[in-house]
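Student: My structure is below; once you've seen it, I'll send some questions.
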Amino acid sequence: MGKKDKKNKPKTLHERFRLLGIDFSKPGFYDSPQFRAAEANDGAFLEKYAAYVEKRLVLPDEAARVRSIVPKTAQFLFDALVQDGRLAACVDASQVLSRFLEAQGVWNYIVKGALTVSFAPDTGLSPVHMAPIMMKGNRAVTGHAWVCAPPYRVVDVTVALQPYSDAQRAVLGNFFICEEAPPRANVEAHDLFDAECVAFYKQQRGSAPTLRDLLEFSPNILNQVQRFGVFSIEHGPVRLKYVGTSTTAPDLPLEEMACLSLSGRRPIEAYHDLQQAMKY
């Protein structure tokens with residue numbers, strides 16, 4: 001019986017989605033009642049959406065269209081965030097960016113994880129670690145968040161819009177990231193533990209946490225890191241290391257989103273302005 005069940009088990013995402021009655025023909029199908037029902041029974045089911053987006057065959061015409069949309073959309077949202085002045089909005093901004101792209105027919109998913117910003121030695125500045133492993137009581141949901149929209153591996157509109165020091169901000173400047181093929185990198189413990197955690201380990205154990213200590217927090221996290229990737233991007237005098245640990249998705253449709261106010265505009269109002277801007 002066990003062999004028969006294994007033999008009849010769906011072998012591809014297409015087969016599994018069809019078996020569950022999920023229509024996977026358009027971006028954002030994680031909104032469907034069938035997908036949500038499957039997710040209610042499997043807390044990691046959203047990862048299958050991310051896997052589907054990654055494994056889709058992107059033909060040259062579609063890739064060209066995505067390349068014509070993603071940088072312009074990221075630029076629009078980045079400019080709006082700069083004008084608004086809001087910092088540390090990586091999750092909310094990624095959710096809005098994801099919906100903006102879906103509305104234009106661009107497949108994408110949101111990545112949560114870590115961002116380590118390292119400065120050139122001659123700046124004298126210490127690295128900044130936006131890490132997802134935090135002490136209990138920290139209200140942050142992750143260290144950092146960005147969007148993957150194949151062929152773009154990293155689309156990050158808030159990398160420069162974080163609460164950096166004046167000295168760090170002077171070196172960084174204002175920019176956003178749209179990177180297709182960033183080099184792979186290796187994860188290190190200091191990428192994943194935030195400063196409060198590191199201080200706790202040093203106080204309690206006399207040394208900084210190691211990758212082995214990750215197992216205390218999440219036995220599967222290194223598998224997740226392998227799944228979502230570690231990438232290194234050089235940008236002028238800084239190196240950006242992105243470490244993916246999980247995925248997420250907006251809870252509300254674009255028309256109902258209120259997580260981000262852009263100079264008084266709701267996301268749907270900002271999207272209408274984007275539509276006008278994309279015409280030129």
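Residues in the structure tokens are numbered from 1 in each chain, the chains being A, B, ... in the order shown, and ligands are numbered from 1 in the order shown.
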DSSP on the backbone: which residues in region 105-136 of chain A end up as strand (DSSP E)? Give the answer as number ranges by chain.
Tutor: A: 109-119, 128-130
Student: Tell me which protein, DNA and RNA residues are within 8 Å of region 146-154 of chain A, counting only C-alpha atoms, leaving out same-chain ones fewer than 2 positions away, and put them as an MDAnalysis selection string.
Tutor: chainID A and resid 53:54 58 63 66 70 90:91 94 97:98 106:112 144 156:157 177:182
Student: The selected residues should be written to file as a PDB file, in the first residue's frame (atoms: C-alpha atoms).
Tutor:
```
ATOM      1  CA  VAL A  53       7.527  31.196  -9.944  1.00  0.00           C
ATOM      2  CA  GLU A  54      11.173  30.161 -10.012  1.00  0.00           C
ATOM      3  CA  VAL A  58      10.532  32.419 -19.017  1.00  0.00           C
ATOM      4  CA  ALA A  63      11.849  38.261 -20.191  1.00  0.00           C
ATOM      5  CA  VAL A  66       9.664  41.920 -17.467  1.00  0.00           C
ATOM      6  CA  VAL A  70      10.401  45.850 -13.195  1.00  0.00           C
ATOM      7  CA  CYS A  90      10.984  46.713   3.667  1.00  0.00           C
ATOM      8  CA  VAL A  91       8.105  44.288   4.297  1.00  0.00           C
ATOM      9  CA  SER A  94       7.892  44.600  -0.853  1.00  0.00           C
ATOM     10  CA  LEU A  97       5.855  46.186  -5.093  1.00  0.00           C
ATOM     11  CA  SER A  98       4.744  42.572  -5.458  1.00  0.00           C
ATOM     12  CA  VAL A 106       4.739  39.966 -13.796  1.00  0.00           C
ATOM     13  CA  TRP A 107       5.372  36.764 -11.838  1.00  0.00           C
ATOM     14  CA  ASN A 108       7.164  37.347  -8.552  1.00  0.00           C
ATOM     15  CA  TYR A 109       7.326  36.406  -4.888  1.00  0.00           C
ATOM     16  CA  ILE A 110       8.554  38.059  -1.706  1.00  0.00           C
ATOM     17  CA  VAL A 111      11.670  36.839   0.096  1.00  0.00           C
ATOM     18  CA  LYS A 112      12.247  37.365   3.812  1.00  0.00           C
ATOM     19  CA  HIS A 144      14.868  42.370   5.657  1.00  0.00           C
ATOM     20  CA  ASP A 156      15.012  45.783  -3.331  1.00  0.00           C
ATOM     21  CA  VAL A 157      13.537  49.284  -3.095  1.00  0.00           C
ATOM     22  CA  ILE A 177      18.601  47.160  -6.496  1.00  0.00           C
ATOM     23  CA  CYS A 178      17.402  45.280  -9.590  1.00  0.00           C
ATOM     24  CA  GLU A 179      19.858  42.422 -10.029  1.00  0.00           C
ATOM     25  CA  GLU A 180      19.443  39.466 -12.363  1.00  0.00           C
ATOM     26  CA  ALA A 181      22.422  37.251 -11.655  1.00  0.00           C
ATOM     27  CA  PRO A 182      24.216  38.234  -8.448  1.00  0.00           C
TER      28      PRO A 182
END
```
Student: Which residues are near Gln75 (chain A)? Cut-off 12 Å, only C-alpha atoms, ignore same chain within fewer than 2 positions. Put them as a list of chain:residue names.
Tutor: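 The filter keeps A:Ser68, A:Ile69, A:Val70, A:Pro71, A:Lys72, A:Thr73, A:Leu77, A:Phe78, A:Asp79, A:Ala80, A:Leu81, A:Val82, A:Leu97, A:Val155, A:Asp156, A:Val157, A:Thr158, A:Asn174, A:Phe175, A:Phe176, A:Ile177, A:Cys178, A:Leu274, A:Ala277, A:Met278.
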Student: Only N, CA and C atoms, please: the residues just picked out, written as an mmCIF file, in the first residue's frame.
Tutor:
```cif
data_model
loop_
_atom_site.group_PDB
_atom_site.id
_atom_site.type_symbol
_atom_site.label_atom_id
_atom_site.label_comp_id
_atom_site.auth_asym_id
_atom_site.auth_seq_id
_atom_site.Cartn_x
_atom_site.Cartn_y
_atom_site.Cartn_z
ATOM 1 N N SER A 68 11.314 45.451 -19.070
ATOM 2 C CA SER A 68 10.790 46.786 -19.361
ATOM 3 C C SER A 68 9.892 47.301 -18.241
ATOM 4 N N ILE A 69 9.423 46.389 -17.367
ATOM 5 C CA ILE A 69 8.468 46.768 -16.327
ATOM 6 C C ILE A 69 9.114 46.896 -14.952
ATOM 7 N N VAL A 70 9.920 45.921 -14.576
ATOM 8 C CA VAL A 70 10.401 45.850 -13.195
ATOM 9 C C VAL A 70 11.239 47.064 -12.791
ATOM 10 N N PRO A 71 12.274 47.459 -13.552
ATOM 11 C CA PRO A 71 13.065 48.623 -13.108
ATOM 12 C C PRO A 71 12.239 49.899 -13.007
ATOM 13 N N LYS A 72 11.306 50.111 -13.941
ATOM 14 C CA LYS A 72 10.481 51.318 -13.906
ATOM 15 C C LYS A 72 9.546 51.308 -12.705
ATOM 16 N N THR A 73 8.992 50.138 -12.411
ATOM 17 C CA THR A 73 8.095 50.027 -11.261
ATOM 18 C C THR A 73 8.863 50.217 -9.963
ATOM 19 N N LEU A 77 8.318 53.283 -7.143
ATOM 20 C CA LEU A 77 8.060 53.063 -5.726
ATOM 21 C C LEU A 77 9.194 53.622 -4.876
ATOM 22 N N PHE A 78 10.418 53.455 -5.331
ATOM 23 C CA PHE A 78 11.564 54.008 -4.611
ATOM 24 C C PHE A 78 11.440 55.527 -4.492
ATOM 25 N N ASP A 79 11.138 56.197 -5.595
ATOM 26 C CA ASP A 79 10.994 57.656 -5.572
ATOM 27 C C ASP A 79 9.885 58.078 -4.614
ATOM 28 N N ALA A 80 8.786 57.319 -4.605
ATOM 29 C CA ALA A 80 7.670 57.636 -3.716
ATOM 30 C C ALA A 80 8.074 57.473 -2.255
ATOM 31 N N LEU A 81 8.858 56.440 -1.959
ATOM 32 C CA LEU A 81 9.326 56.217 -0.594
ATOM 33 C C LEU A 81 10.288 57.322 -0.152
ATOM 34 N N VAL A 82 11.170 57.734 -1.056
ATOM 35 C CA VAL A 82 12.106 58.817 -0.741
ATOM 36 C C VAL A 82 11.335 60.099 -0.449
ATOM 37 N N LEU A 97 5.148 46.430 -3.842
ATOM 38 C CA LEU A 97 5.855 46.186 -5.093
ATOM 39 C C LEU A 97 5.374 44.894 -5.738
ATOM 40 N N VAL A 155 15.125 42.314 -6.190
ATOM 41 C CA VAL A 155 14.564 43.644 -6.444
ATOM 42 C C VAL A 155 14.285 44.240 -5.068
ATOM 43 N N ASP A 156 15.065 45.240 -4.690
ATOM 44 C CA ASP A 156 15.012 45.783 -3.331
ATOM 45 C C ASP A 156 14.910 47.302 -3.390
ATOM 46 N N VAL A 157 13.749 47.832 -3.023
ATOM 47 C CA VAL A 157 13.537 49.284 -3.095
ATOM 48 C C VAL A 157 13.814 49.987 -1.776
ATOM 49 N N THR A 158 14.161 49.256 -0.730
ATOM 50 C CA THR A 158 14.383 49.894 0.577
ATOM 51 C C THR A 158 15.785 49.697 1.128
ATOM 52 N N ASN A 174 21.512 57.229 -2.185
ATOM 53 C CA ASN A 174 20.173 56.704 -2.453
ATOM 54 C C ASN A 174 20.186 55.849 -3.711
ATOM 55 N N PHE A 175 19.707 54.638 -3.592
ATOM 56 C CA PHE A 175 19.669 53.730 -4.737
ATOM 57 C C PHE A 175 18.734 52.576 -4.420
ATOM 58 N N PHE A 176 18.344 51.856 -5.439
ATOM 59 C CA PHE A 176 17.604 50.607 -5.245
ATOM 60 C C PHE A 176 18.290 49.539 -6.079
ATOM 61 N N ILE A 177 17.935 48.292 -5.856
ATOM 62 C CA ILE A 177 18.601 47.160 -6.496
ATOM 63 C C ILE A 177 17.640 46.418 -7.418
ATOM 64 N N CYS A 178 18.067 46.192 -8.650
ATOM 65 C CA CYS A 178 17.402 45.280 -9.590
ATOM 66 C C CYS A 178 18.504 44.419 -10.188
ATOM 67 N N LEU A 274 1.251 55.181 -11.147
ATOM 68 C CA LEU A 274 2.258 54.375 -11.854
ATOM 69 C C LEU A 274 1.793 54.053 -13.265
ATOM 70 N N ALA A 277 2.460 56.921 -15.391
ATOM 71 C CA ALA A 277 3.888 57.101 -15.617
ATOM 72 C C ALA A 277 4.435 56.078 -16.607
ATOM 73 N N MET A 278 3.887 54.866 -16.604
ATOM 74 C CA MET A 278 4.384 53.809 -17.491
ATOM 75 C C MET A 278 4.020 54.073 -18.946
#
```
Student: Using backbone DSSP assignments, extract all helix (DSSP H, G or I) residues from region 17-202 of chain A; output them as a PyMOL selection string.
Tutor: chain A and resi 17-19+29-31+33-41+46-55+60-84+90-103+121-123+166-172+189-192+195-202
Student: At a cut-off of 10 Å, using only C-alpha atoms, what residues contact Asn186 (chain A)? Leave out same-chain residues fewer than 6 positions from it and give the result as a PyMOL selection string.
Tutor: chain A and resi 225-226+229-232+241+243
Student: Compare A:Leu172, A:Ala103, A:Ala199, A:Leu262 by their minimum atom-to-atom distance to Val128 (chain A), counting only C-alpha atoms, and give me the closest one.
Tutor: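 Nearest to Val128 (chain A): A:Leu172.
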Student: What is the distance, in Å and to one decimal place, between CA of Ala89 (chain A) and CA of Arg266 (chain A)?
Tutor: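 Result for CA of Ala89 (chain A) versus CA of Arg266 (chain A): 14.7 Å, one decimal.
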Student: Tell me which of A:Leu57, A:Val96, A:Ala208, A:Met135 sits closest to Ala189 (chain A), counting only C-alpha atoms.
Tutor: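 Residue with the minimum atom-to-atom distance to Ala189 (chain A): A:Ala208.
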Student: Quick one: everything within 8 Å of Gly105 (chain A), counting only C-alpha atoms, minus sequence neighbours fewer than 4 positions away in the same chain. Send it as a list in words.
Tutor: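 Once the nearby chain positions are removed, what remains is Lys26, Pro27 and Leu101 of chain A.
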Student: Save the residues we just selected, all heavy atoms, as a PDB file, in the first residue's frame?
Tutor:
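The new file again.pdb reads:
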```pdb
ATOM      1  N   LYS A  26      -2.285  32.494 -13.595  1.00  0.00           N
ATOM      2  CA  LYS A  26      -1.972  33.919 -13.486  1.00  0.00           C
ATOM      3  C   LYS A  26      -1.191  34.210 -12.208  1.00  0.00           C
ATOM      4  O   LYS A  26      -1.356  33.509 -11.195  1.00  0.00           O
ATOM      5  CB  LYS A  26      -3.266  34.735 -13.490  1.00  0.00           C
ATOM      6  CG  LYS A  26      -4.055  34.659 -14.792  1.00  0.00           C
ATOM      7  CD  LYS A  26      -5.325  35.495 -14.701  1.00  0.00           C
ATOM      8  CE  LYS A  26      -6.132  35.408 -15.993  1.00  0.00           C
ATOM      9  NZ  LYS A  26      -7.398  36.192 -15.906  1.00  0.00           N
ATOM     10  N   PRO A  27      -0.357  35.266 -12.234  1.00  0.00           N
ATOM     11  CA  PRO A  27       0.372  35.652 -11.023  1.00  0.00           C
ATOM     12  C   PRO A  27      -0.594  35.941  -9.869  1.00  0.00           C
ATOM     13  O   PRO A  27      -1.685  36.474 -10.081  1.00  0.00           O
ATOM     14  CB  PRO A  27       1.111  36.928 -11.443  1.00  0.00           C
ATOM     15  CG  PRO A  27       1.223  36.841 -12.929  1.00  0.00           C
ATOM     16  CD  PRO A  27      -0.019  36.143 -13.390  1.00  0.00           C
ATOM     17  N   LEU A 101       3.554  44.599  -9.418  1.00  0.00           N
ATOM     18  CA  LEU A 101       4.050  43.746 -10.496  1.00  0.00           C
ATOM     19  C   LEU A 101       2.996  42.741 -10.938  1.00  0.00           C
ATOM     20  O   LEU A 101       2.810  42.503 -12.136  1.00  0.00           O
ATOM     21  CB  LEU A 101       5.328  43.028 -10.047  1.00  0.00           C
ATOM     22  CG  LEU A 101       6.536  43.936  -9.788  1.00  0.00           C
ATOM     23  CD1 LEU A 101       7.713  43.133  -9.251  1.00  0.00           C
ATOM     24  CD2 LEU A 101       6.938  44.691 -11.051  1.00  0.00           C
TER      25      LEU A 101
END
```
Student: Would you list the contacts of Ser263 (chain A) as a list in words, taking every protein, DNA or RNA residue within 7 Å and counting only C-alpha atoms, but skipping same-chain residues closer than 2 positions in sequence?
Tutor: Asp84, Ser261 and Arg265 of chain A
